[in-house]
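Q: Below is the file data_5.cif, with mmCIF, C-alpha atoms and all ligand atoms.
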data_coords
loop_
_atom_site.label_atom_id
_atom_site.label_comp_id
_atom_site.auth_asym_id
_atom_site.auth_seq_id
_atom_site.Cartn_x
_atom_site.Cartn_y
_atom_site.Cartn_z
CA VAL A 585 48.10 227.47 1.02
CA THR A 586 46.95 229.89 -1.66
CA VAL A 587 45.68 227.90 -4.63
CA VAL A 588 46.04 229.96 -7.81
CA HIS A 589 44.14 228.50 -10.71
CA HIS A 590 43.23 229.18 -14.32
CA VAL A 591 39.60 230.10 -15.18
CA ASP A 592 38.92 227.35 -17.73
CA ALA A 593 37.40 223.92 -17.09
CA ASP A 594 40.83 222.38 -16.54
CA GLY A 595 41.86 225.08 -14.08
CA VAL A 596 38.61 224.78 -12.13
CA SER A 597 38.84 220.96 -12.06
CA ALA A 598 42.42 221.22 -10.84
CA ALA A 599 41.47 223.73 -8.14
CA ALA A 600 38.60 221.50 -6.99
CA VAL A 601 41.05 218.59 -6.68
CA ALA A 602 43.48 220.80 -4.74
CA ALA A 603 40.85 222.27 -2.42
CA THR A 604 39.29 218.87 -1.68
CA CYS A 605 42.54 217.13 -0.81
CA LEU A 606 43.76 220.10 1.25
CA THR A 607 40.50 220.06 3.23
CA ARG A 608 40.87 216.32 3.81
CA ALA A 609 44.46 216.83 4.97
CA GLY A 610 43.33 219.56 7.38
CA ILE A 611 45.38 222.24 5.62
CA ALA A 612 43.92 225.77 5.58
CA HIS A 613 43.67 227.24 2.10
CA ARG A 614 42.11 229.90 -0.09
CA LEU A 615 41.51 230.04 -3.82
CA MET A 616 42.41 232.70 -6.37
CA ALA A 617 41.17 232.51 -9.97
CA VAL A 618 43.26 234.24 -12.64
CA LYS A 619 42.85 234.57 -16.42
CA SER A 620 46.61 234.22 -16.85
CA LEU A 621 49.82 234.86 -14.95
CA ASP A 622 50.58 238.17 -16.61
CA ASP A 623 52.26 241.04 -14.74
CA HIS A 624 48.94 242.32 -13.42
CA HIS A 625 47.92 238.96 -11.93
CA ILE A 626 51.43 238.19 -10.68
CA ARG A 627 51.32 241.43 -8.67
CA MET A 628 47.83 240.50 -7.43
CA VAL A 629 49.06 237.13 -6.14
CA GLN A 630 52.17 238.69 -4.59
CA ALA A 631 50.02 241.35 -2.89
CA ALA A 632 48.03 238.59 -1.16
CA SER A 633 51.22 237.71 0.78
CA PRO A 634 50.77 233.95 0.47
CA HIS A 635 52.47 231.59 2.95
CA ALA A 636 52.63 228.88 0.31
CA LEU A 637 51.45 228.68 -3.29
CA TRP A 638 49.87 225.85 -5.26
CA PHE A 639 49.51 226.75 -8.94
CA CYS A 640 46.92 224.80 -10.88
CA ASP A 641 46.97 224.69 -14.70
CA LEU A 642 49.44 227.58 -14.90
CA GLY A 643 52.74 228.61 -13.36
CA SER A 644 55.31 226.72 -15.46
CA ALA A 645 56.36 229.97 -17.12
CA ALA A 646 56.13 232.28 -14.09
CA TYR A 647 57.33 230.26 -11.07
CA ALA A 648 60.51 232.34 -10.75
CA ARG A 649 58.48 235.45 -9.94
CA PHE A 650 57.32 233.98 -6.61
CA ALA A 651 60.61 232.89 -5.04
CA PRO A 652 61.26 232.47 -2.11
CA THR A 653 57.64 231.56 -1.25
CA PRO A 654 57.25 227.75 -1.06
CA ARG A 655 55.65 226.70 -4.35
CA LEU A 656 54.00 223.71 -5.93
CA VAL A 657 53.27 224.00 -9.65
CA CYS A 658 50.84 221.62 -11.38
CA ASP A 659 50.82 222.61 -15.02
CA HIS A 660 51.16 221.18 -18.50
CA HIS A 661 51.81 224.36 -20.49
CA GLU A 662 55.07 225.01 -22.30
CA LEU A 663 57.89 225.60 -19.81
CA VAL A 664 60.38 228.35 -19.39
CA ARG A 665 63.60 226.48 -18.62
CA ASP A 666 66.00 228.66 -16.65
CA GLY A 667 67.86 225.96 -14.73
CA THR A 668 65.70 226.33 -11.62
CA GLU A 669 62.57 224.69 -13.01
CA GLU A 670 63.10 221.55 -10.94
CA SER A 671 64.42 223.24 -7.79
CA PHE A 672 60.92 223.03 -6.24
CA PRO A 673 57.94 220.64 -6.58
CA HIS A 674 57.00 221.11 -10.21
CA VAL A 675 54.58 218.63 -11.80
CA ASN A 676 54.51 219.05 -15.57
CA PRO A 677 54.53 216.17 -18.08
CA LEU A 678 56.97 218.13 -20.28
CA LEU A 679 59.61 217.89 -17.51
CA ASP A 680 59.46 214.10 -17.88
CA GLY A 681 59.68 214.04 -21.64
CA LEU A 682 55.95 213.40 -21.99
CA ARG A 683 53.60 215.37 -24.22
CA GLY A 684 51.66 218.33 -22.84
CA ASP A 685 48.44 216.82 -24.19
CA GLU A 686 48.59 213.50 -22.36
CA LEU A 687 48.05 215.01 -18.91
CA SER A 688 46.08 218.12 -17.91
CA GLY A 689 46.47 220.62 -15.09
CA ALA A 690 43.77 218.69 -13.25
CA GLY A 691 45.61 215.43 -13.94
CA CYS A 692 48.80 216.89 -12.44
CA ALA A 693 46.83 218.10 -9.40
CA TYR A 694 45.33 214.62 -9.07
CA LEU A 695 48.81 213.02 -8.98
CA VAL A 696 49.62 215.27 -6.02
CA ALA A 697 46.28 214.46 -4.34
CA ALA A 698 46.95 210.73 -4.81
CA ALA A 699 50.31 211.16 -3.10
CA LEU A 700 48.69 213.09 -0.23
CA GLY A 701 46.11 210.49 0.71
CA ASP A 702 43.08 208.46 -0.28
CA ASN A 703 41.64 210.73 -2.97
CA GLU A 704 40.75 208.28 -5.71
CA ASP A 705 37.21 209.64 -5.93
CA LEU A 706 38.80 212.72 -7.56
CA LEU A 707 39.96 210.71 -10.60
CA PRO A 708 36.99 211.81 -12.77
CA LEU A 709 37.93 215.48 -12.24
CA ALA A 710 41.40 214.76 -13.61
CA LEU A 711 39.73 213.73 -16.88
CA VAL A 712 37.08 216.48 -16.87
CA GLY A 713 40.06 218.85 -16.98
CA ALA A 714 41.73 216.82 -19.72
CA THR A 715 38.68 216.85 -21.98
CA GLY A 716 38.14 220.55 -21.20
CA ASP A 717 41.55 221.04 -22.82
CA LEU A 718 40.47 218.85 -25.79
CA GLN A 719 43.08 216.19 -24.96
CA ASP A 720 40.81 213.41 -26.24
CA ARG A 721 39.97 215.15 -29.54
CA ARG A 722 43.04 214.36 -31.67
CA THR A 723 42.53 210.58 -31.63
CA GLY A 724 39.01 210.38 -30.19
CA ARG A 725 40.29 208.93 -26.92
CA PHE A 726 42.63 209.65 -24.04
CA GLU A 727 46.28 208.78 -24.55
CA GLY A 728 49.32 208.29 -22.36
CA THR A 729 49.00 209.22 -18.71
CA ASN A 730 45.34 210.23 -19.15
CA ARG A 731 44.66 206.69 -20.34
CA VAL A 732 46.21 205.27 -17.19
CA LEU A 733 44.04 207.56 -15.05
CA LEU A 734 40.96 206.52 -17.05
CA ARG A 735 41.75 202.83 -16.48
CA GLN A 736 42.12 203.44 -12.74
CA ALA A 737 38.79 205.28 -12.62
CA GLN A 738 37.13 202.42 -14.55
CA GLU A 739 38.56 199.83 -12.16
CA ARG A 740 37.11 201.80 -9.26
CA GLY A 741 33.69 202.00 -10.88
CA LEU A 742 33.78 205.80 -11.27
CA LEU A 743 33.94 206.07 -15.05
CA ALA A 744 32.81 203.93 -17.98
CA ALA A 745 34.19 204.35 -21.49
CA ALA A 746 32.72 202.99 -24.72
CA PRO A 747 33.06 203.86 -28.40
CA ASP A 748 29.99 205.82 -29.52
CA LEU A 749 29.07 208.77 -31.74
CA ALA A 750 31.61 211.54 -31.25
CA PHE A 751 29.12 214.42 -31.28
CA PHE A 752 28.76 216.81 -28.37
CA GLY A 753 25.90 216.43 -25.90
CA PRO A 754 24.92 212.74 -25.65
CA GLN A 755 23.24 213.28 -22.28
CA THR A 756 21.38 216.55 -22.72
CA ARG A 757 20.92 217.40 -26.41
CA PRO A 758 17.68 216.17 -27.98
CA LEU A 759 18.54 213.65 -30.74
CA SER A 760 17.62 216.03 -33.58
CA LYS A 761 19.95 218.76 -32.26
CA PHE A 762 22.62 216.20 -31.42
CA LEU A 763 22.68 215.33 -35.12
CA HIS A 764 22.17 218.66 -36.89
CA LEU A 765 24.54 220.62 -34.63
CA ALA A 766 27.28 218.05 -35.27
CA ALA A 767 29.88 219.63 -37.55
CA ASP A 768 32.92 217.39 -37.04
CA PRO A 769 32.81 215.45 -39.23
CA GLU A 770 30.49 217.39 -41.51
CA ILE A 771 27.63 215.12 -42.66
CA PRO A 772 26.10 216.40 -45.89
CA GLY A 773 22.32 216.65 -45.63
CA LEU A 774 22.33 216.57 -41.82
CA THR A 775 24.84 219.10 -40.50
CA ARG A 776 23.09 222.45 -39.84
CA ASN A 777 19.92 221.03 -41.41
CA ALA A 778 17.21 220.20 -38.85
CA ARG A 779 14.69 219.34 -41.56
CA GLY A 780 17.25 217.16 -43.30
CA VAL A 781 17.78 215.19 -40.08
CA GLN A 782 14.03 214.45 -39.82
CA ASP A 783 13.86 213.33 -43.46
CA TRP A 784 17.00 211.26 -43.13
CA LEU A 785 15.73 209.48 -40.00
CA ALA A 786 12.43 208.71 -41.74
CA SER A 787 14.07 207.40 -44.93
CA ASN A 788 16.35 205.13 -42.89
CA GLY A 789 13.55 203.43 -41.00
CA LEU A 790 14.34 205.47 -37.89
CA GLY A 791 11.32 207.78 -38.11
CA ASP A 792 9.77 206.15 -35.04
CA LEU A 793 12.60 207.41 -32.80
CA ASP A 794 11.62 210.11 -30.31
CA ALA A 795 13.89 212.90 -31.61
CA THR A 796 13.23 215.02 -28.51
CA LYS A 797 14.97 212.43 -26.32
CA PRO A 798 18.76 212.70 -25.91
CA TRP A 799 21.06 210.23 -27.60
CA ALA A 800 21.98 208.45 -24.37
CA MET A 801 18.28 207.83 -23.61
CA GLN A 802 17.64 206.02 -26.92
CA SER A 803 17.64 202.22 -26.77
CA GLU A 804 20.93 200.46 -27.51
CA GLY A 805 19.33 198.77 -30.52
CA ASP A 806 18.20 202.10 -32.01
CA ARG A 807 21.61 203.61 -31.36
CA ALA A 808 23.34 200.73 -33.12
CA ARG A 809 20.99 201.07 -36.14
CA LEU A 810 21.57 204.83 -36.32
CA ARG A 811 25.35 204.49 -36.05
CA SER A 812 25.47 202.08 -39.01
CA ALA A 813 23.04 204.19 -41.03
CA LEU A 814 25.27 207.25 -40.54
CA ALA A 815 28.37 205.33 -41.58
CA GLN A 816 26.58 203.98 -44.66
CA HIS A 817 25.33 207.47 -45.50
CA LEU A 818 28.92 208.78 -45.61
CA VAL A 819 30.17 205.78 -47.57
CA ALA A 820 27.37 206.20 -50.13
CA LEU A 821 28.46 209.83 -50.59
CA GLY A 822 32.05 208.75 -51.23
CA LEU A 823 33.14 210.11 -47.84
CA ALA A 824 34.31 206.87 -46.24
CA ASP A 825 37.39 208.69 -44.93
CA ARG A 826 35.13 210.59 -42.51
CA VAL A 827 33.65 207.45 -40.95
CA PRO A 828 36.33 206.94 -38.25
CA ARG A 829 35.73 210.49 -37.05
CA LEU A 830 32.10 209.64 -36.34
CA PHE A 831 33.27 207.82 -33.24
CA ARG A 832 35.12 208.55 -30.01
CA ASP A 833 35.46 206.90 -26.63
CA VAL A 834 32.52 208.45 -24.77
CA VAL A 835 33.26 208.57 -21.05
CA THR A 836 30.38 208.42 -18.59
CA LEU A 837 30.50 209.42 -14.91
CA VAL A 838 28.53 206.41 -13.72
CA LEU A 839 27.63 207.86 -10.30
CA GLU A 840 25.99 210.98 -11.80
CA ARG A 841 22.31 211.22 -12.73
CA PRO A 842 21.52 210.26 -16.35
CA GLY A 843 20.40 213.16 -18.55
CA GLN A 844 22.54 215.69 -16.64
CA PRO A 845 25.62 217.44 -18.10
CA THR A 846 27.66 216.05 -15.18
CA ARG A 847 27.01 212.53 -16.53
CA GLU A 848 29.45 212.82 -19.48
CA LEU A 849 32.99 214.24 -19.40
CA GLN A 850 32.75 216.72 -22.30
CA GLU A 851 29.43 218.13 -21.13
CA PHE A 852 30.75 218.40 -17.57
CA ALA A 853 33.73 220.41 -18.82
CA THR A 854 31.46 222.74 -20.79
CA LEU A 855 29.36 223.27 -17.67
CA LEU A 856 32.50 224.37 -15.79
CA ASN A 857 33.58 226.64 -18.66
CA SER A 858 30.18 228.35 -18.39
CA THR A 859 31.00 229.48 -14.86
CA ALA A 860 34.62 230.52 -14.37
CA ARG A 861 35.07 232.08 -17.80
CA TYR A 862 32.27 234.49 -16.88
CA GLY A 863 33.70 235.42 -13.49
CA ARG A 864 31.62 232.87 -11.57
CA GLU A 865 34.37 230.42 -10.63
CA GLU A 866 32.85 229.85 -7.18
CA VAL A 867 29.86 228.20 -8.88
CA GLY A 868 32.04 225.90 -10.99
CA LEU A 869 34.23 225.01 -8.02
CA ALA A 870 31.19 224.07 -5.93
CA VAL A 871 29.82 221.88 -8.73
CA ALA A 872 33.21 220.24 -9.30
CA GLN A 873 33.36 219.54 -5.57
CA GLY A 874 30.01 217.78 -5.66
CA ASP A 875 27.29 220.42 -5.17
CA ARG A 876 24.14 219.27 -6.97
CA GLY A 877 21.85 221.79 -5.24
CA ASP A 878 21.93 225.60 -5.40
CA ALA A 879 25.29 226.00 -7.11
CA TYR A 880 24.36 223.30 -9.62
CA GLY A 881 21.13 225.14 -10.46
CA GLN A 882 23.10 228.34 -11.00
CA ALA A 883 25.58 226.49 -13.20
CA LEU A 884 22.74 225.22 -15.41
CA ASP A 885 21.52 228.82 -15.85
CA LEU A 886 25.05 229.96 -16.68
CA LEU A 887 25.29 227.12 -19.21
CA GLN A 888 22.32 228.55 -21.10
CA ASP A 889 23.95 232.01 -21.09
CA HIS A 890 27.22 230.42 -22.31
CA ARG A 891 25.42 228.69 -25.21
CA ARG A 892 23.73 231.93 -26.23
CA HIS A 893 27.01 233.82 -26.02
CA LEU A 894 28.84 231.24 -28.14
CA ALA A 895 26.09 231.19 -30.78
CA GLY A 896 26.08 235.01 -30.91
CA SER A 897 29.87 235.07 -31.03
CA LEU A 898 29.99 232.74 -34.03
CA GLU A 899 27.46 234.96 -35.81
CA ALA A 900 29.60 238.00 -34.97
CA LEU A 901 32.70 236.32 -36.40
CA LYS A 902 30.79 235.34 -39.51
CA ALA A 903 29.51 238.89 -40.01
CA THR A 904 32.95 240.41 -39.44
CA GLY A 905 34.71 237.94 -41.74
CA MET A 906 38.23 236.58 -41.48
CA GLN A 907 41.14 238.51 -42.90
CA ARG A 908 44.35 236.95 -44.13
CA LEU A 909 47.84 238.09 -43.35
CA GLY A 910 50.66 235.92 -44.68
CA HIS A 911 50.61 232.75 -42.59
CA LEU A 912 47.50 233.46 -40.56
CA GLN A 913 43.82 234.30 -40.75
CA TRP A 914 42.52 236.68 -38.14
CA VAL A 915 39.38 238.37 -36.92
CA HIS A 916 38.84 241.15 -34.40
CA ALA A 917 35.71 240.60 -32.32
CA GLU A 918 36.27 243.84 -30.34
CA ASP A 919 33.68 243.72 -27.53
CA ARG A 920 31.27 241.32 -29.23
CA VAL A 921 33.02 238.23 -27.85
CA ARG A 922 34.24 237.92 -24.27
CA ASP A 923 38.02 237.85 -24.01
CA THR A 924 37.76 234.67 -21.90
CA VAL A 925 35.96 232.66 -24.62
CA ILE A 926 37.58 234.03 -27.81
CA GLY A 927 39.74 230.88 -27.93
CA ILE A 928 36.73 228.55 -27.70
CA VAL A 929 34.98 230.59 -30.40
CA CYS A 930 38.02 230.38 -32.71
CA GLY A 931 38.11 226.62 -32.22
CA MET A 932 34.41 226.35 -33.05
CA ALA A 933 34.80 228.67 -36.05
CA GLN A 934 37.38 226.34 -37.58
CA GLU A 935 34.62 223.73 -38.02
CA ALA A 936 31.46 225.83 -38.18
CA LEU A 937 32.79 228.31 -40.76
CA SER A 938 34.95 225.69 -42.52
CA LEU A 939 38.06 227.86 -42.23
CA PRO A 940 41.13 226.81 -44.25
CA ARG A 941 43.10 224.37 -42.12
CA ASP A 942 46.53 225.39 -43.42
CA LEU A 943 46.45 228.84 -41.82
CA VAL A 944 46.71 229.62 -38.11
CA VAL A 945 43.47 231.12 -36.74
CA VAL A 946 43.87 234.21 -34.56
CA GLY A 947 41.00 235.87 -32.72
CA LEU A 948 41.31 239.25 -31.03
CA ALA A 949 38.93 240.66 -28.41
CA TRP A 950 39.09 243.62 -26.07
CA THR A 951 39.53 242.93 -22.37
CA PRO A 952 37.46 244.86 -19.81
CA ASP A 953 40.67 246.44 -18.43
CA GLY A 954 41.61 248.20 -21.66
CA ARG A 955 43.96 245.68 -23.24
CA THR A 956 43.51 243.14 -26.04
CA LYS A 957 43.32 239.37 -25.74
CA ALA A 958 44.63 237.31 -28.63
CA SER A 959 43.93 233.62 -28.98
CA ALA A 960 45.38 231.33 -31.64
CA ARG A 961 44.69 227.82 -32.90
CA ALA A 962 46.78 225.61 -35.18
CA THR A 963 45.68 222.28 -36.65
CA ALA A 964 47.66 219.09 -36.05
CA GLU A 965 48.90 219.34 -39.66
CA LEU A 966 50.39 222.77 -38.96
CA GLN A 967 51.98 221.56 -35.72
CA GLY A 968 53.47 218.71 -37.73
CA ARG A 969 55.12 221.29 -39.99
CA GLY A 970 56.79 222.88 -36.99
CA VAL A 971 54.27 225.48 -35.82
CA ASP A 972 54.59 226.10 -32.05
CA LEU A 973 51.98 228.64 -31.00
CA ALA A 974 53.12 228.76 -27.37
CA LEU A 975 56.52 230.04 -28.48
CA ALA A 976 55.14 232.23 -31.29
CA MET A 977 52.50 233.92 -29.12
CA ARG A 978 54.91 234.44 -26.23
CA THR A 979 57.62 235.95 -28.43
CA ALA A 980 55.27 238.15 -30.48
CA SER A 981 53.45 239.47 -27.41
CA GLU A 982 56.61 240.13 -25.39
CA GLY A 983 57.92 242.08 -28.38
CA VAL A 984 55.07 244.56 -28.01
CA GLY A 985 55.02 244.76 -24.21
CA GLY A 986 52.49 242.01 -23.56
CA ASN A 987 52.74 238.39 -22.52
CA GLY A 988 51.53 235.04 -23.66
CA GLY A 989 52.04 231.30 -23.90
CA GLY A 990 50.15 228.04 -23.86
CA HIS A 991 50.38 224.91 -25.98
CA LYS A 992 51.79 224.20 -29.43
CA GLY A 993 48.31 224.01 -30.98
CA ALA A 994 46.45 226.52 -28.80
CA ALA A 995 47.87 229.59 -27.13
CA GLY A 996 46.89 233.02 -25.92
CA ALA A 997 48.38 236.44 -25.25
CA THR A 998 47.43 239.74 -23.73
CA ILE A 999 48.81 242.84 -25.43
CA PRO A 1000 48.46 246.63 -25.23
CA ARG A 1001 45.48 247.75 -27.30
CA ASP A 1002 47.53 250.06 -29.51
CA ALA A 1003 49.90 247.23 -30.45
CA GLU A 1004 47.45 244.96 -32.27
CA ALA A 1005 48.73 245.52 -35.82
CA GLU A 1006 52.39 245.26 -34.78
CA PHE A 1007 51.61 242.08 -32.82
CA LEU A 1008 49.98 240.44 -35.86
CA ARG A 1009 52.96 241.42 -38.05
CA ARG A 1010 55.42 239.90 -35.58
CA LEU A 1011 53.33 236.78 -35.14
CA ASP A 1012 53.09 236.31 -38.89
CA ALA A 1013 56.87 236.60 -39.26
CA ILE A 1014 57.49 234.06 -36.49
CA LEU A 1015 54.97 231.61 -37.97
CA GLY A 1016 56.79 231.94 -41.28
CA SER A 1017 60.09 231.10 -39.64
CA GLN A 1018 58.47 228.06 -38.01
CA GLY A 1019 57.50 226.70 -41.41
CA ALA A 1020 53.82 227.64 -41.63
CA PRO A 1021 52.55 227.80 -45.21
CA ARG A 1022 51.63 231.17 -46.69
CA SER A 1023 48.16 232.03 -47.90
CA GLU A 1024 47.70 232.56 -51.62
CA ALA A 1025 46.27 236.02 -51.29
CA ASN A 1026 45.86 238.77 -48.74
CA THR A 1027 42.15 239.22 -49.11
CA ASN A 1028 39.11 239.72 -46.95
CA ILE A 1029 36.90 236.68 -47.06
CA ALA A 1030 33.20 237.30 -46.91
CA TYR A 1031 30.97 234.47 -45.77
MN MN A 1101 44.99 223.04 -18.95
#
Turn the structure described in the file into C-alpha cells.
A:
Amino acid sequence: VTVVHHVDADGVSAAAVAATCLTRAGIAHRLMAVKSLDDHHIRMVQAASPHALWFCDLGSAAYARFAPTPRLVCDHHELVRDGTEESFPHVNPLLDGLRGDELSGAGCAYLVAAALGDNEDLLPLALVGATGDLQDRRTGRFEGTNRVLLRQAQERGLLAAAPDLAFFGPQTRPLSKFLHLAADPEIPGLTRNARGVQDWLASNGLGDLDATKPWAMQSEGDRARLRSALAQHLVALGLADRVPRLFRDVVTLVLERPGQPTRELQEFATLLNSTARYGREEVGLAVAQGDRGDAYGQALDLLQDHRRHLAGSLEALKATGMQRLGHLQWVHAEDRVRDTVIGIVCGMAQEALSLPRDLVVVGLAWTPDGRTKASARATAELQGRGVDLALAMRTASEGVGGNGGGHKGAAGATIPRDAEAEFLRRLDAILGSQGAPRSEANTNIAY
C-alpha cells in the first residue's frame, strides 16, 4: 500500500494512523508526502506504480486520476462529485451529509484503523489532526464526530478534557508569554504587552506567581484566581462579550510527559506542522508514531525554527501591508514566507494585525519550483453569507491553468507565476457572486 498524505499536522497524523495499523496488520507499505494533489504530484504518485493507494487528508477531488488502482480515500475536503465518488472505499464526512469540520483526515483514517483491528491507542492522533485543522476553534470545543472520538479516548484514559484558558501553549509557554502573546480574544493592557502583564498580575494579587512557569504547572488555585481576574478585567472594560472566548476545552494527552508539547493537542499539532511543512515529514511521522528520542529531539529543534519563521513572516506581512481588491484583502510575501506556511501566517495575521473580518484574506508566496501558492481564509461570518473558498479557489485557479481546493473557510491553490493578477481578479469576481461584501475603498493599508 502506498500511503499518500498531506504535509500538514492533520495529514501527518493521518499517515501515522495508517502506517501504524498497516504495520500491525502485517501489510507492507510506503509513505509519500505531498503538498497537494496537483498535476505535478499526481504524476509523481502515478510514476511510483503503486499496487494500492491510501490517501490521507486529500484525494476527494482527485480520486478519478488513479483508476483502476485499488484506492482508499480518507479525506474531509470539498468533494468533486462525478457519480463515481462512492464506487470505491471513500471516507469523507461530506458524503454522509456531515460537516467537513466535524471530522479530520486523521479522524477518517482512525475510523478505518478501528475497523481493521484493535487500534484504540491511535484515538489521540485523530484529534491531533482535528485541532491541527482548527476544528475546535469555532466553538472552543470539538463537535459532532470529533466529540464522539474524544469521548471514546476519555473513556479509555487516553485524553482528558476540561474548560480552561483558550490561549496557545499551556504546557510549554512561560505564564508571562502565555498571556501577552494571547491575541484571541484581545485583552487590552495585556495582549502584546509583557510589562503590562507583570503590572496586571501584581495589581491583582497574583504578583507572587512564578511567571517563568507554564500555565499548566501553576497550582489549580492560582489558575482559578487568574481566570476570574481576567474575566473581571474584561467586564470592567465593558468587554463582557469577549469573556466566553477566554475559554476552550483544553485536551490533555494524559500518558505524555507534563511540560512537553506532546502533552496538549494544539501544541502537539504545532510540533507536527514544524516538521512536514519544512520537508521533514519523516521526523513528524516518527513523533506521531511514538518516538520520544532522537526524532523527538529533532522535532523540538524544528519547532524553534518554525516559531522564528512565523514571527518573521508576520513582520514581513506587516511591512508589506495588505492591499484591497473588491471583496478581498491580499498580500504577496514573495519568498519571505514559505509557501507551505502562508496559510498559517494569514490565519495568524487576521488576529495579530487586526485585519477587517468582512474581507477574505489572501496570501501569495512563491513556490521553490517556480509557481505561486495562494492561500485564503474567510471568517465564519463570511461563510454564513455564502462564501465558499474551496469552490472559489478551485474555479479561479483552474481558470488560469492552476489548481486548488480545500474547505469553505480555508483553501489553497497553486497557479502559474505570471497569472497572479488575473487569478486575483477572477477570485474577486467569484467572491462577489457568492455574496461577499465589498470593501469601501481600493487602497493600500499601511500598518
Ligand atoms: Mn485536514
Q: Could you list, as number ranges by chain, all residues that come within 10 Å of ligand MN 1101 (chain A)? Count all atoms listed in the file.
A: A: 589-598, 640-642, 658-661, 684-685, 687-692, 713-719, 990-991
Q: Find, counting only C-alpha atoms, the residue in A:Gln1018, A:Ala744, A:Lys992, A:Leu790 that gets nearest to A:Arg683.
A: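 When distances to A:Arg683 are compared using only C-alpha atoms, the smallest one comes from A:Lys992.
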Q: Given the choices A:Ala745, A:Thr998, A:Cys605, A:Ala710, which gets closest to A:Tyr694 if the distance is worked out from all atoms listed in the file?
A: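 Between A:Ala745, A:Thr998, A:Cys605, A:Ala710, the residue approaching A:Tyr694 most closely is A:Ala710.
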Q: Rounded to one decimal place, report the atom CA of A:Ala737-atom CA of A:Leu706 distance in Å.
A: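 So the answer is 9.0 Å.
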Q: Which one of A:Ala693, A:Leu823, A:Leu707, A:Leu682 sits closest to A:Glu727 if you count all atoms listed in the file?
A: A:Leu682
Q: Give me, as a list of chain:residue names, all polymer residues having an atom no more than 12 Å from A:Glu982, counting all atoms listed in the file and skipping those fewer than 2 positions away in the same chain.
A: A:Asp622, A:Asp623, A:Leu975, A:Ala976, A:Met977, A:Arg978, A:Thr979, A:Ala980, A:Val984, A:Gly985, A:Gly986, A:Asn987, A:Gly988, A:Gly989, A:Ala997, A:Thr998, A:Ile999, A:Pro1000, A:Ala1003, A:Glu1006, A:Phe1007, A:Arg1010, A:Leu1011
Q: Could you tell me, as a PDB file with C-alpha atoms, in the coordinates of the input, which residues have any atom at most 8 Å from (54.7, 229.8, -2.0), counting all atoms listed in the file?
A:
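Result file is point.pdb:
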ATOM      1  CA  VAL A 585      48.100 227.470   1.020  1.00  0.00           C
ATOM      2  CA  THR A 586      46.950 229.890  -1.660  1.00  0.00           C
ATOM      3  CA  PRO A 634      50.770 233.950   0.470  1.00  0.00           C
ATOM      4  CA  HIS A 635      52.470 231.590   2.950  1.00  0.00           C
ATOM      5  CA  ALA A 636      52.630 228.880   0.310  1.00  0.00           C
ATOM      6  CA  LEU A 637      51.450 228.680  -3.290  1.00  0.00           C
ATOM      7  CA  TRP A 638      49.870 225.850  -5.260  1.00  0.00           C
ATOM      8  CA  PHE A 650      57.320 233.980  -6.610  1.00  0.00           C
ATOM      9  CA  ALA A 651      60.610 232.890  -5.040  1.00  0.00           C
ATOM     10  CA  PRO A 652      61.260 232.470  -2.110  1.00  0.00           C
ATOM     11  CA  THR A 653      57.640 231.560  -1.250  1.00  0.00           C
ATOM     12  CA  PRO A 654      57.250 227.750  -1.060  1.00  0.00           C
ATOM     13  CA  ARG A 655      55.650 226.700  -4.350  1.00  0.00           C
ATOM     14  CA  LEU A 656      54.000 223.710  -5.930  1.00  0.00           C
TER      15      LEU A 656
END
Q: From the options A:Leu898, A:Ala883, A:Val696, A:Ala648, which residue's atoms come nearest to A:Gln844, counting all atoms listed in the file?
A: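 Between A:Leu898, A:Ala883, A:Val696, A:Ala648, the residue approaching A:Gln844 most closely is A:Ala883.
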Q: Would you kindly return, as JSON, numbers by chain, each protein, DNA or RNA residue with an atom no farther than 12 Å from any atom of A:Gly701, considering all atoms listed in the file and excluding same-chain residues fewer than 3 positions away?
A: {"A": [602, 604, 605, 606, 607, 608, 609, 610, 694, 695, 696, 697, 698, 704, 705, 706]}
Q: What is the atom CA of A:Ala903-atom CA of A:Leu763 distance in Å, reported with one decimal?
A: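 Taking atom CA of A:Ala903 and atom CA of A:Leu763, their separation equals 25.0 Å.
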Q: Interatomic distance between atom CA of A:Leu966 and atom CA of A:Thr854?
A: 26.2 Å
Q: Determine, counting all atoms listed in the file, which protein, DNA and RNA residues have an atom within 9 Å of an atom of A:Val827; residues of the same chain fewer than 6 positions away are not included. Present the result as a PyMOL selection string.
A: chain A and resi 769+814-816+818-819
Q: List as JSON, numbers by chain the protein and nucleic acid residues near A:Ala879, meaning an atom at most 8 Å away when all atoms listed in the file are counted, but skip any in the same chain fewer than 6 places from it.
A: {"A": [867, 868, 870, 871]}
Q: What's around A:Thr756 at 6 Å? Count all atoms listed in the file, leave out sequence neighbours fewer than 2 positions away in its own chain, and write the answer as a ChimeraX atom specification.
A: /A:753-754,798,843
Q: Just the selected residues (C-alpha atoms), exported as a tab-separated table (two decimals), in the frame of the given file, please.
A:
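Result file is out-v1.tsv:
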chain	number	residue	atom	x	y	z
A	753	GLY	CA	25.90	216.43	-25.90
A	754	PRO	CA	24.92	212.74	-25.65
A	798	PRO	CA	18.76	212.70	-25.91
A	843	GLY	CA	20.40	213.16	-18.55
Q: Determine the nearest neighbour of A:Leu743 from the options A:Asp768, A:Asp833, A:Glu662, A:Asp825, counting all atoms listed in the file.
A: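 Selected residue with least distance to A:Leu743: A:Asp833.
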